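J.: I have a structure here, written as structure tokens, and I will follow up with some questions on it.
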Amino acid sequence: MLREFRLPDVGEGLTEAEIVRWHVTPGDSVKINQTIVEIETAKAVVELPCPYEGTVSALMADEGQTVDVGSPIISVRTGDGEGPADAGREALAGDLVPDVADGAEPKKEKRRPVLVGYGVKTSATRRRPRKPAAPAPAPSAPAPSAPVSSAPVSATRAAPPAPATSVSAAPVNGHAASARVRVLAKPPVRKLARDLGVDLTALTGTGPQGSITRADVEAAVAAPAPVTSVTTGSAREEYIPVRGVRKATAQAMVASAFSAPHVTEWLQVDVTETMEAVRRLRTLPEFAEVKVSPLLLVAKALITAVKRHPMANASWTGEEIVVKHYVNLGIAAATDRGLIVPNVKDADAMSLPDLARALGELTERARAGKCQPAELTGGTITITNVGVFGVDAGTPILNPGEVAILAVGQIRDMPWVVDGQLAVRKVTTLALSFDHRVVDGELGSYVLRDVGAMLEDPLRMLAWS
């Protein structure tokens with residue numbers, strides 16, 4: 001029997017995801033829990049396993065396509081009893097036009113189970129019954145009926161009604177004559193078109209029954225726009241859709257910057273002894289198979305500092321301050337898909353070799369886009385290493401839900417006074433941003449001072465741990 005697998009909510013409350021890469025093709029044999037597709041959510045790339053065993057019948061979404069949660073993405077032919085294929089097709093059609101009699105109550109359905117999470121509530125896709133339309137002149141020959149959208153339609157017309165897939169004349173006074181044209185498209189597609197400035201009445205649908213799909217809207221955006229004025233040279237502007245990780249990051253940064261009162265303090269530190277400690281650690285057998293970098297000792301110093309000053313490892317709820325007596329250390333990572341902040345769980349309970357190993361593995365997964373959703377939530381404090389880009393420091397924005405973030409600049413040779421004598425030393429700049437609702441200037445200064453002191457003399461980490 002043919003079974004359809006619907007895009008699940010992977011536990012982060014997402015409403016849509018982009019198909020990144022299919023691992024199967026029609027005709028392939030699949031087993032239960034075999035990875036069949038990679039999707040990109042607002043937080044990371046996630047691999048989805050197959051809930052059925054059988055043969056792939058069809059891929060119902062293309063790579064690069066954005067799919068709503070609850071929509072079918074693949075059909076698998078199995079050898080067991082009835083499958084939800086027919087029900088899935090009916091549900092898909094119901095998203096376009098409700099199959100409800102006039103004045104009748106919509107049929108109540110139970111929430112459909114999905115692979116992960118709780119799926120989409122039926123109320124999210126419930127449609128109102130259609131109102132009776134004004135009578136239209138009967139055509140001379142019978143024509144196949146076509147569903148129409150819920151857009152308002154003029155009661156009187158000078159011309160016969162157009163088919164559902166027809167296109168109206170050009171917009172008048174800058175507005176499309178959508179009130180006189182029946183456009184078949186799902187609400188998420190209409191919203192996407194509004195956001196991207198696409199006139200649906202100018203598109204020809206490629207979906208079921210001539211409906212307009214996301215792919216049609218995105219293709220219209222990607223197509224070259226008609227030239228209305230004389231230009232020379234190549235195009236000077238590029239429009240990049242904001243979605244996935246970049247969209248989520250943008251929303252989080254705006255929410256953080258305009259909700260938490262940020263304060264940033266700076267400190268230049270002589271890290272010559274830290275660099276020597278890194279060199280010596282690399283020679284120890286305990287670190288033979290792990291990467292040892294200055295970031296390891298910066299992480300250890302920050303963990304030690306917030307254990308000495310717990311209020312810097314907290315969160316603000318509006319009604320109370322939640323102090324965390326554990327450290328889930330976030331590491332900001334720049335990836336091809338945007339900025340993400342995975343975190344090492346219970347970093348304060350790890351030995352130095354274990355912490356080095358955890359940081360290395362986390363960084364590799366982040367760059368490959370393989371971080372799990374659990375690794376991207378629950379952080380308590382963050383480090384952003386802007387020094388790898390060749391800059392001294394910056395004013396980092398807090399990761400939402402945290403009250404402090406430490407930026408580490410590049411390490412370079414600088415003149416420094418040591419015991420009254422001028423010398424060339426390894427120097428870096430630290431910048432600590434904190435939420436002034438929770439961390440006042442005194443506490444923020446103590447945290448930054450302690451981190452700097454431990455990097456100047458790594459033996460203090462042993463004394464204060």
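In the structure tokens, chains take letters A, B, ... by order of appearance, with residues numbered from 1 within each chain and ligands from 1 in the order shown.
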For Thr249 of chain A, work out the shell of residues within 12 Å, counting only C-alpha atoms and skipping chain neighbours fewer than 6 positions away, then give it as a PyMOL selection string.

T.: chain A and resi 41-44+242-243+255-257+332-335+337-341+376+397-400

J.: Only N, CA, C and O atoms, please: the residues just picked out, written as a compact mmCIF listing (two decimals), in the first residue's frame.

T.:
```
# COMPACT_ATOMS: atom_id res chain seq x y z
N THR A 41 16.03 23.70 9.04
CA THR A 41 15.06 24.43 9.84
C THR A 41 15.63 25.80 10.15
O THR A 41 16.67 26.19 9.62
N ALA A 42 14.97 26.52 11.02
CA ALA A 42 15.46 27.84 11.41
C ALA A 42 16.72 27.75 12.25
O ALA A 42 17.35 28.76 12.52
N LYS A 43 17.09 26.55 12.68
CA LYS A 43 18.24 26.43 13.56
C LYS A 43 19.38 25.61 12.98
O LYS A 43 20.54 25.89 13.24
N ALA A 44 19.07 24.59 12.22
CA ALA A 44 20.15 23.72 11.76
C ALA A 44 19.64 22.82 10.65
O ALA A 44 18.46 22.79 10.31
N VAL A 242 15.59 35.82 2.61
CA VAL A 242 16.04 35.62 3.99
C VAL A 242 15.22 34.49 4.58
O VAL A 242 14.01 34.62 4.78
N ARG A 243 15.87 33.37 4.85
CA ARG A 243 15.15 32.21 5.37
C ARG A 243 16.11 31.33 6.14
O ARG A 243 17.30 31.59 6.20
N ALA A 255 15.57 40.94 18.46
CA ALA A 255 14.87 40.79 19.74
C ALA A 255 15.80 41.05 20.92
O ALA A 255 15.43 41.70 21.90
N SER A 256 17.04 40.56 20.83
CA SER A 256 18.00 40.74 21.92
C SER A 256 18.45 42.19 22.03
O SER A 256 18.46 42.78 23.11
N ALA A 257 18.80 42.80 20.89
CA ALA A 257 19.35 44.16 20.91
C ALA A 257 18.34 45.17 21.43
O ALA A 257 18.74 46.16 22.06
N ALA A 332 29.89 30.75 19.36
CA ALA A 332 29.34 31.31 18.12
C ALA A 332 30.14 30.81 16.94
O ALA A 332 31.37 30.84 16.94
N ALA A 333 29.43 30.31 15.92
CA ALA A 333 30.09 29.74 14.74
C ALA A 333 29.50 30.32 13.48
O ALA A 333 28.27 30.34 13.30
N ALA A 334 30.36 30.82 12.61
CA ALA A 334 29.92 31.34 11.31
C ALA A 334 29.90 30.19 10.31
O ALA A 334 30.91 29.51 10.11
N THR A 335 28.75 29.95 9.70
CA THR A 335 28.60 28.87 8.71
C THR A 335 28.11 29.46 7.39
O THR A 335 27.74 30.63 7.32
N ARG A 337 25.40 28.95 6.06
CA ARG A 337 23.97 29.26 6.16
C ARG A 337 23.69 30.37 7.17
O ARG A 337 22.54 30.75 7.36
N GLY A 338 24.72 30.89 7.81
CA GLY A 338 24.52 31.97 8.78
C GLY A 338 25.16 31.65 10.12
O GLY A 338 25.83 30.62 10.29
N LEU A 339 24.93 32.52 11.09
CA LEU A 339 25.51 32.38 12.41
C LEU A 339 24.67 31.44 13.28
O LEU A 339 23.45 31.60 13.37
N ILE A 340 25.31 30.47 13.91
CA ILE A 340 24.64 29.62 14.87
C ILE A 340 25.47 29.58 16.15
O ILE A 340 26.66 29.88 16.14
N VAL A 341 24.82 29.23 17.26
CA VAL A 341 25.51 29.20 18.55
C VAL A 341 25.21 27.87 19.24
O VAL A 341 24.36 27.78 20.14
N LEU A 376 21.60 23.42 20.03
CA LEU A 376 21.41 24.82 19.71
C LEU A 376 20.49 25.53 20.69
O LEU A 376 20.14 26.69 20.48
N ILE A 397 26.45 41.00 20.56
CA ILE A 397 25.05 41.04 21.00
C ILE A 397 24.75 39.75 21.75
O ILE A 397 25.15 38.67 21.33
N LEU A 398 24.04 39.89 22.84
CA LEU A 398 23.73 38.74 23.68
C LEU A 398 22.93 37.69 22.91
O LEU A 398 22.03 38.02 22.13
N ASN A 399 23.25 36.44 23.15
CA ASN A 399 22.43 35.35 22.66
C ASN A 399 21.14 35.34 23.48
O ASN A 399 21.18 35.40 24.71
N PRO A 400 19.95 35.33 22.84
CA PRO A 400 18.70 35.40 23.60
C PRO A 400 18.64 34.36 24.70
O PRO A 400 18.99 33.20 24.51
```

J.: Could you list, as a list in words, every residue within 8 Å of segment 356-362 of chain A, counting only C-alpha atoms and ignoring same-chain residues fewer than 6 positions away?

T.: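 In the requested format, the answer is Val290, Lys291, Val292, Leu296, Pro342, Asn343, Val344 and Cys371 of chain A.
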
J.: Can those selected residues be exported to a file as a PDB file, in the first residue's frame so that it contains N, CA and C atoms?

T.:
```
ATOM      1  N   VAL A 290      43.511  15.547  20.214  1.00  0.00           N
ATOM      2  CA  VAL A 290      42.553  16.650  20.218  1.00  0.00           C
ATOM      3  C   VAL A 290      43.265  17.941  19.854  1.00  0.00           C
ATOM      4  N   LYS A 291      42.482  18.910  19.364  1.00  0.00           N
ATOM      5  CA  LYS A 291      43.042  20.199  18.999  1.00  0.00           C
ATOM      6  C   LYS A 291      43.111  21.083  20.231  1.00  0.00           C
ATOM      7  N   VAL A 292      44.278  21.619  20.498  1.00  0.00           N
ATOM      8  CA  VAL A 292      44.466  22.545  21.618  1.00  0.00           C
ATOM      9  C   VAL A 292      44.733  23.927  21.036  1.00  0.00           C
ATOM     10  N   LEU A 296      40.551  27.121  24.034  1.00  0.00           N
ATOM     11  CA  LEU A 296      40.333  26.162  25.119  1.00  0.00           C
ATOM     12  C   LEU A 296      40.559  26.808  26.474  1.00  0.00           C
ATOM     13  N   PRO A 342      25.882  26.787  18.834  1.00  0.00           N
ATOM     14  CA  PRO A 342      25.738  25.521  19.565  1.00  0.00           C
ATOM     15  C   PRO A 342      26.435  25.619  20.904  1.00  0.00           C
ATOM     16  N   ASN A 343      26.078  24.756  21.814  1.00  0.00           N
ATOM     17  CA  ASN A 343      26.694  24.841  23.144  1.00  0.00           C
ATOM     18  C   ASN A 343      27.104  23.475  23.659  1.00  0.00           C
ATOM     19  N   VAL A 344      28.135  23.498  24.491  1.00  0.00           N
ATOM     20  CA  VAL A 344      28.642  22.297  25.157  1.00  0.00           C
ATOM     21  C   VAL A 344      27.900  22.162  26.478  1.00  0.00           C
ATOM     22  N   CYS A 371      24.707  20.124  13.414  1.00  0.00           N
ATOM     23  CA  CYS A 371      24.344  20.243  14.829  1.00  0.00           C
ATOM     24  C   CYS A 371      22.896  19.798  15.032  1.00  0.00           C
TER      25      CYS A 371
END
```

J.: Residues at most 10 Å from Gly409 of chain A, counting only C-alpha atoms, excluding those fewer than 2 positions away in the same chain, as a list of chain:residue names?

T.: A:Gln268, A:Thr384, A:Asn385, A:Val386, A:Gly387, A:Val388, A:Phe389, A:Gly390, A:Val391, A:Asp392, A:Ala393, A:Gly394, A:Leu406, A:Ala407, A:Ile411, A:Arg412, A:Val427, A:Thr428, A:Thr429, A:Leu430, A:Ala431

J.: Write the selection just made, keeping all heavy atoms, as a CSV table (one decimal), in the first residue's frame?

T.:
```csv
chain,number,residue,atom,x,y,z
A,268,GLN,N,42.5,44.8,27.6
A,268,GLN,CA,43.6,44.3,26.9
A,268,GLN,C,44.4,43.4,27.8
A,268,GLN,O,44.6,43.8,29.0
A,268,GLN,CB,44.5,45.4,26.3
A,268,GLN,CG,44.0,45.9,24.9
A,268,GLN,CD,45.1,46.8,24.3
A,268,GLN,OE1,45.9,47.5,24.9
A,268,GLN,NE2,45.2,46.6,22.9
A,384,THR,N,32.4,34.4,21.6
A,384,THR,CA,32.5,34.6,20.1
A,384,THR,C,34.0,35.0,19.8
A,384,THR,O,34.5,35.9,20.3
A,384,THR,CB,31.5,35.7,19.6
A,384,THR,OG1,31.8,35.9,18.2
A,384,THR,CG2,31.7,37.0,20.4
A,385,ASN,N,34.6,34.1,19.0
A,385,ASN,CA,36.0,34.3,18.7
A,385,ASN,C,36.2,35.1,17.4
A,385,ASN,O,36.4,34.5,16.3
A,385,ASN,CB,36.7,33.0,18.6
A,385,ASN,CG,38.2,33.1,18.4
A,385,ASN,OD1,38.8,34.1,18.6
A,385,ASN,ND2,38.9,32.0,18.1
A,386,VAL,N,36.1,36.4,17.5
A,386,VAL,CA,36.2,37.3,16.3
A,386,VAL,C,37.7,37.4,15.9
A,386,VAL,O,38.0,37.9,14.8
A,386,VAL,CB,35.6,38.7,16.5
A,386,VAL,CG1,34.1,38.5,16.8
A,386,VAL,CG2,36.3,39.4,17.7
A,387,GLY,N,38.6,37.0,16.7
A,387,GLY,CA,40.0,37.1,16.4
A,387,GLY,C,40.4,36.3,15.2
A,387,GLY,O,41.4,36.6,14.5
A,388,VAL,N,39.6,35.2,14.9
A,388,VAL,CA,40.0,34.4,13.7
A,388,VAL,C,39.8,35.2,12.4
A,388,VAL,O,40.3,34.8,11.3
A,388,VAL,CB,39.1,33.1,13.7
A,388,VAL,CG1,39.4,32.2,14.9
A,388,VAL,CG2,37.6,33.4,13.6
A,389,PHE,N,39.0,36.3,12.5
A,389,PHE,CA,38.8,37.1,11.3
A,389,PHE,C,39.8,38.3,11.2
A,389,PHE,O,39.7,39.1,10.3
A,389,PHE,CB,37.4,37.7,11.3
A,389,PHE,CG,36.3,36.6,11.4
A,389,PHE,CD1,35.5,36.5,12.5
A,389,PHE,CD2,36.2,35.6,10.4
A,389,PHE,CE1,34.6,35.5,12.6
A,389,PHE,CE2,35.2,34.6,10.5
A,389,PHE,CZ,34.4,34.6,11.6
A,390,GLY,N,40.8,38.3,12.1
A,390,GLY,CA,41.8,39.3,12.0
A,390,GLY,C,41.5,40.6,12.6
A,390,GLY,O,42.0,41.7,12.2
A,391,VAL,N,40.5,40.7,13.5
A,391,VAL,CA,40.1,41.9,14.2
A,391,VAL,C,40.4,41.9,15.7
A,391,VAL,O,40.5,40.8,16.2
A,391,VAL,CB,38.6,42.3,13.9
A,391,VAL,CG1,38.3,42.4,12.5
A,391,VAL,CG2,37.7,41.2,14.5
A,392,ASP,N,40.5,43.0,16.3
A,392,ASP,CA,40.8,43.1,17.7
A,392,ASP,C,39.7,42.7,18.6
A,392,ASP,O,39.9,42.1,19.7
A,392,ASP,CB,41.4,44.5,18.0
A,392,ASP,CG,42.8,44.7,17.4
A,392,ASP,OD1,43.5,43.7,17.1
A,392,ASP,OD2,43.1,45.9,17.1
A,393,ALA,N,38.5,43.2,18.3
A,393,ALA,CA,37.4,42.9,19.2
A,393,ALA,C,36.1,43.5,18.6
A,393,ALA,O,36.1,44.0,17.4
A,393,ALA,CB,37.6,43.5,20.6
A,394,GLY,N,35.0,43.5,19.3
A,394,GLY,CA,33.8,44.1,18.8
A,394,GLY,C,32.8,44.2,20.0
A,394,GLY,O,33.2,44.0,21.2
A,406,LEU,N,31.2,36.8,25.8
A,406,LEU,CA,32.6,37.3,25.7
A,406,LEU,C,33.1,37.2,24.3
A,406,LEU,O,33.1,36.2,23.7
A,406,LEU,CB,33.5,36.4,26.6
A,406,LEU,CG,35.0,36.8,26.7
A,406,LEU,CD1,35.2,38.1,27.4
A,406,LEU,CD2,35.7,35.6,27.4
A,407,ALA,N,33.6,38.3,23.8
A,407,ALA,CA,34.3,38.4,22.5
A,407,ALA,C,35.8,38.4,22.7
A,407,ALA,O,36.3,39.1,23.6
A,407,ALA,CB,33.9,39.6,21.7
A,411,ILE,N,45.2,37.6,18.6
A,411,ILE,CA,46.4,37.6,19.4
A,411,ILE,C,47.6,38.1,18.5
A,411,ILE,O,47.9,37.5,17.5
A,411,ILE,CB,46.7,36.2,20.0
A,411,ILE,CG1,45.5,35.8,20.9
A,411,ILE,CG2,48.0,36.3,20.8
A,411,ILE,CD1,45.6,34.4,21.4
A,412,ARG,N,48.2,39.2,18.9
A,412,ARG,CA,49.3,39.7,18.1
A,412,ARG,C,50.4,40.3,19.0
A,412,ARG,O,50.2,40.5,20.2
A,412,ARG,CB,48.8,40.8,17.2
A,412,ARG,CG,48.0,41.9,17.8
A,412,ARG,CD,47.5,42.9,16.8
A,412,ARG,NE,46.8,44.0,17.4
A,412,ARG,CZ,46.8,45.2,16.8
A,412,ARG,NH1,47.5,45.5,15.8
A,412,ARG,NH2,46.1,46.2,17.4
A,427,VAL,N,49.5,39.8,22.9
A,427,VAL,CA,48.4,40.6,23.5
A,427,VAL,C,47.1,40.4,22.8
A,427,VAL,O,47.1,40.3,21.5
A,427,VAL,CB,48.7,42.1,23.5
A,427,VAL,CG1,47.6,42.9,24.1
A,427,VAL,CG2,50.0,42.4,24.3
A,428,THR,N,46.0,40.3,23.5
A,428,THR,CA,44.6,40.2,22.9
A,428,THR,C,43.7,41.2,23.6
A,428,THR,O,44.0,41.7,24.7
A,428,THR,CB,44.1,38.8,23.0
A,428,THR,OG1,42.9,38.7,22.2
A,428,THR,CG2,43.7,38.4,24.4
A,429,THR,N,42.6,41.4,23.0
A,429,THR,CA,41.6,42.3,23.6
A,429,THR,C,40.3,41.5,23.8
A,429,THR,O,39.8,40.7,23.0
A,429,THR,CB,41.2,43.4,22.6
A,429,THR,OG1,42.4,44.2,22.3
A,429,THR,CG2,40.2,44.4,23.2
A,430,LEU,N,39.8,41.6,25.1
A,430,LEU,CA,38.5,41.0,25.5
A,430,LEU,C,37.4,42.0,25.5
A,430,LEU,O,37.7,43.1,26.0
A,430,LEU,CB,38.7,40.3,26.8
A,430,LEU,CG,39.8,39.3,27.0
A,430,LEU,CD1,39.9,38.8,28.4
A,430,LEU,CD2,39.7,38.1,26.0
A,431,ALA,N,36.2,41.6,25.1
A,431,ALA,CA,35.1,42.5,25.2
A,431,ALA,C,33.9,41.7,25.8
A,431,ALA,O,33.5,40.7,25.2
A,431,ALA,CB,34.7,43.1,23.9
```

J.: Record the distance separating atom CA of Ile212 of chain A and atom CA of Arg190 of chain A, expressed in Å with one decimal.

T.: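 We find that atom CA of Ile212 of chain A and atom CA of Arg190 of chain A lie 9.0 Å from each other.
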
J.: Taking only C-alpha atoms into account, name the residue in A:Glu53, A:Asp413, A:Asp199, A:Asp9 that is nearest to Glu40 of chain A.

T.: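 Ranking A:Glu53, A:Asp413, A:Asp199, A:Asp9 by distance to Glu40 of chain A, first place goes to A:Asp9.
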
J.: So which bits of segment 227-414 of chain A end up strand (DSSP E or B) when you DSSP the backbone, as a short mmCIF file (atom, residue, chain, number, x, y, z; two decimals) with N, CA and C atoms, in the first residue's frame?

T.:
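Final file, selection.cif:
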```cif
data_model
loop_
_atom_site.label_atom_id
_atom_site.label_comp_id
_atom_site.auth_asym_id
_atom_site.auth_seq_id
_atom_site.Cartn_x
_atom_site.Cartn_y
_atom_site.Cartn_z
N HIS A 262 22.16 46.47 26.71
CA HIS A 262 23.53 45.98 26.58
C HIS A 262 24.55 46.99 27.13
N VAL A 263 25.53 46.45 27.82
CA VAL A 263 26.72 47.23 28.21
C VAL A 263 27.93 46.40 27.82
N THR A 264 28.94 47.04 27.24
CA THR A 264 30.15 46.32 26.84
C THR A 264 31.37 46.94 27.50
N GLU A 265 32.20 46.11 28.11
CA GLU A 265 33.46 46.54 28.71
C GLU A 265 34.62 45.87 27.98
N TRP A 266 35.77 46.54 27.98
CA TRP A 266 36.92 46.09 27.21
C TRP A 266 38.12 45.91 28.12
N LEU A 267 38.99 44.98 27.73
CA LEU A 267 40.22 44.76 28.50
C LEU A 267 41.29 44.18 27.59
N GLN A 268 42.47 44.85 27.56
CA GLN A 268 43.61 44.29 26.85
C GLN A 268 44.41 43.43 27.82
N VAL A 269 44.83 42.26 27.33
CA VAL A 269 45.45 41.28 28.22
C VAL A 269 46.74 40.75 27.58
N ASP A 270 47.77 40.62 28.39
CA ASP A 270 49.01 39.97 27.98
C ASP A 270 48.81 38.46 28.12
N ALA A 314 23.15 33.51 34.11
CA ALA A 314 21.74 33.53 34.52
C ALA A 314 20.88 33.91 33.32
N SER A 315 19.59 34.04 33.57
CA SER A 315 18.66 34.52 32.55
C SER A 315 17.60 35.39 33.20
N TRP A 316 17.02 36.27 32.39
CA TRP A 316 16.00 37.20 32.86
C TRP A 316 14.65 36.77 32.29
N ILE A 321 14.93 36.38 38.16
CA ILE A 321 16.24 36.07 37.59
C ILE A 321 16.53 34.61 37.90
N VAL A 322 16.83 33.84 36.86
CA VAL A 322 17.12 32.42 37.03
C VAL A 322 18.63 32.23 36.98
N VAL A 323 19.24 31.89 38.09
CA VAL A 323 20.69 31.67 38.17
C VAL A 323 20.97 30.20 37.86
N LEU A 329 28.13 26.01 27.71
CA LEU A 329 28.97 27.02 27.07
C LEU A 329 28.69 27.09 25.57
N GLY A 330 28.19 28.25 25.13
CA GLY A 330 27.91 28.46 23.72
C GLY A 330 29.15 28.97 22.99
N ILE A 331 29.33 28.49 21.76
CA ILE A 331 30.43 28.93 20.90
C ILE A 331 29.81 29.44 19.60
N ALA A 333 29.43 30.31 15.92
CA ALA A 333 30.09 29.74 14.74
C ALA A 333 29.50 30.32 13.48
N ALA A 334 30.36 30.82 12.61
CA ALA A 334 29.92 31.34 11.31
C ALA A 334 29.90 30.19 10.31
N THR A 335 28.75 29.95 9.70
CA THR A 335 28.60 28.87 8.71
C THR A 335 28.11 29.46 7.39
N GLY A 338 24.72 30.89 7.81
CA GLY A 338 24.52 31.97 8.78
C GLY A 338 25.16 31.65 10.12
N LEU A 339 24.93 32.52 11.09
CA LEU A 339 25.51 32.38 12.41
C LEU A 339 24.67 31.44 13.28
N ILE A 340 25.31 30.47 13.91
CA ILE A 340 24.64 29.62 14.87
C ILE A 340 25.47 29.58 16.15
N ASN A 343 26.08 24.76 21.81
CA ASN A 343 26.69 24.84 23.14
C ASN A 343 27.10 23.48 23.66
N VAL A 344 28.13 23.50 24.49
CA VAL A 344 28.64 22.30 25.16
C VAL A 344 27.90 22.16 26.48
N ILE A 381 25.87 30.87 28.63
CA ILE A 381 26.81 31.97 28.38
C ILE A 381 27.60 31.62 27.12
N THR A 382 28.06 32.63 26.38
CA THR A 382 28.63 32.39 25.05
C THR A 382 29.98 33.07 24.88
N ILE A 383 30.82 32.43 24.04
CA ILE A 383 32.07 33.02 23.58
C ILE A 383 31.99 33.19 22.07
N THR A 384 32.40 34.37 21.57
CA THR A 384 32.52 34.58 20.13
C THR A 384 33.96 34.96 19.82
N ASN A 385 34.60 34.14 19.02
CA ASN A 385 36.03 34.32 18.73
C ASN A 385 36.18 35.10 17.42
N ALA A 404 25.26 37.33 29.36
CA ALA A 404 26.66 37.72 29.11
C ALA A 404 27.21 36.98 27.91
N ILE A 405 28.11 37.67 27.18
CA ILE A 405 28.81 37.07 26.05
C ILE A 405 30.20 37.68 25.98
N LEU A 406 31.20 36.85 25.76
CA LEU A 406 32.60 37.29 25.73
C LEU A 406 33.13 37.21 24.31
N ALA A 407 33.65 38.34 23.80
CA ALA A 407 34.31 38.37 22.49
C ALA A 407 35.82 38.36 22.71
N VAL A 408 36.51 37.54 21.90
CA VAL A 408 37.97 37.42 21.99
C VAL A 408 38.56 37.87 20.66
N ARG A 412 48.19 39.17 18.93
CA ARG A 412 49.28 39.71 18.10
C ARG A 412 50.38 40.28 18.98
N ASP A 413 51.54 40.46 18.37
CA ASP A 413 52.69 41.03 19.09
C ASP A 413 52.47 42.53 19.28
N MET A 414 52.67 42.96 20.54
CA MET A 414 52.52 44.38 20.85
C MET A 414 53.54 44.77 21.90
#
```

J.: Work out how far atom CA of Glu18 of chain A is from atom CA of Val221 of chain A, in Å to one decimal.

T.: 17.1 Å

J.: Name the closest residue to Leu462 of chain A among the candidates A:Leu432, A:Asp346, A:Leu297, A:Tyr446; distances are taken between atoms, counting only C-alpha atoms.

T.: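 Between A:Leu432, A:Asp346, A:Leu297, A:Tyr446, the residue approaching Leu462 of chain A most closely is A:Leu297.
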
J.: Rank A:Thr272, A:Gln372, A:Ser71, A:Ser211 by their smallest atom-to-atom distance to Trp416 of chain A, using only C-alpha atoms, and report the top residue only.

T.: A:Thr272
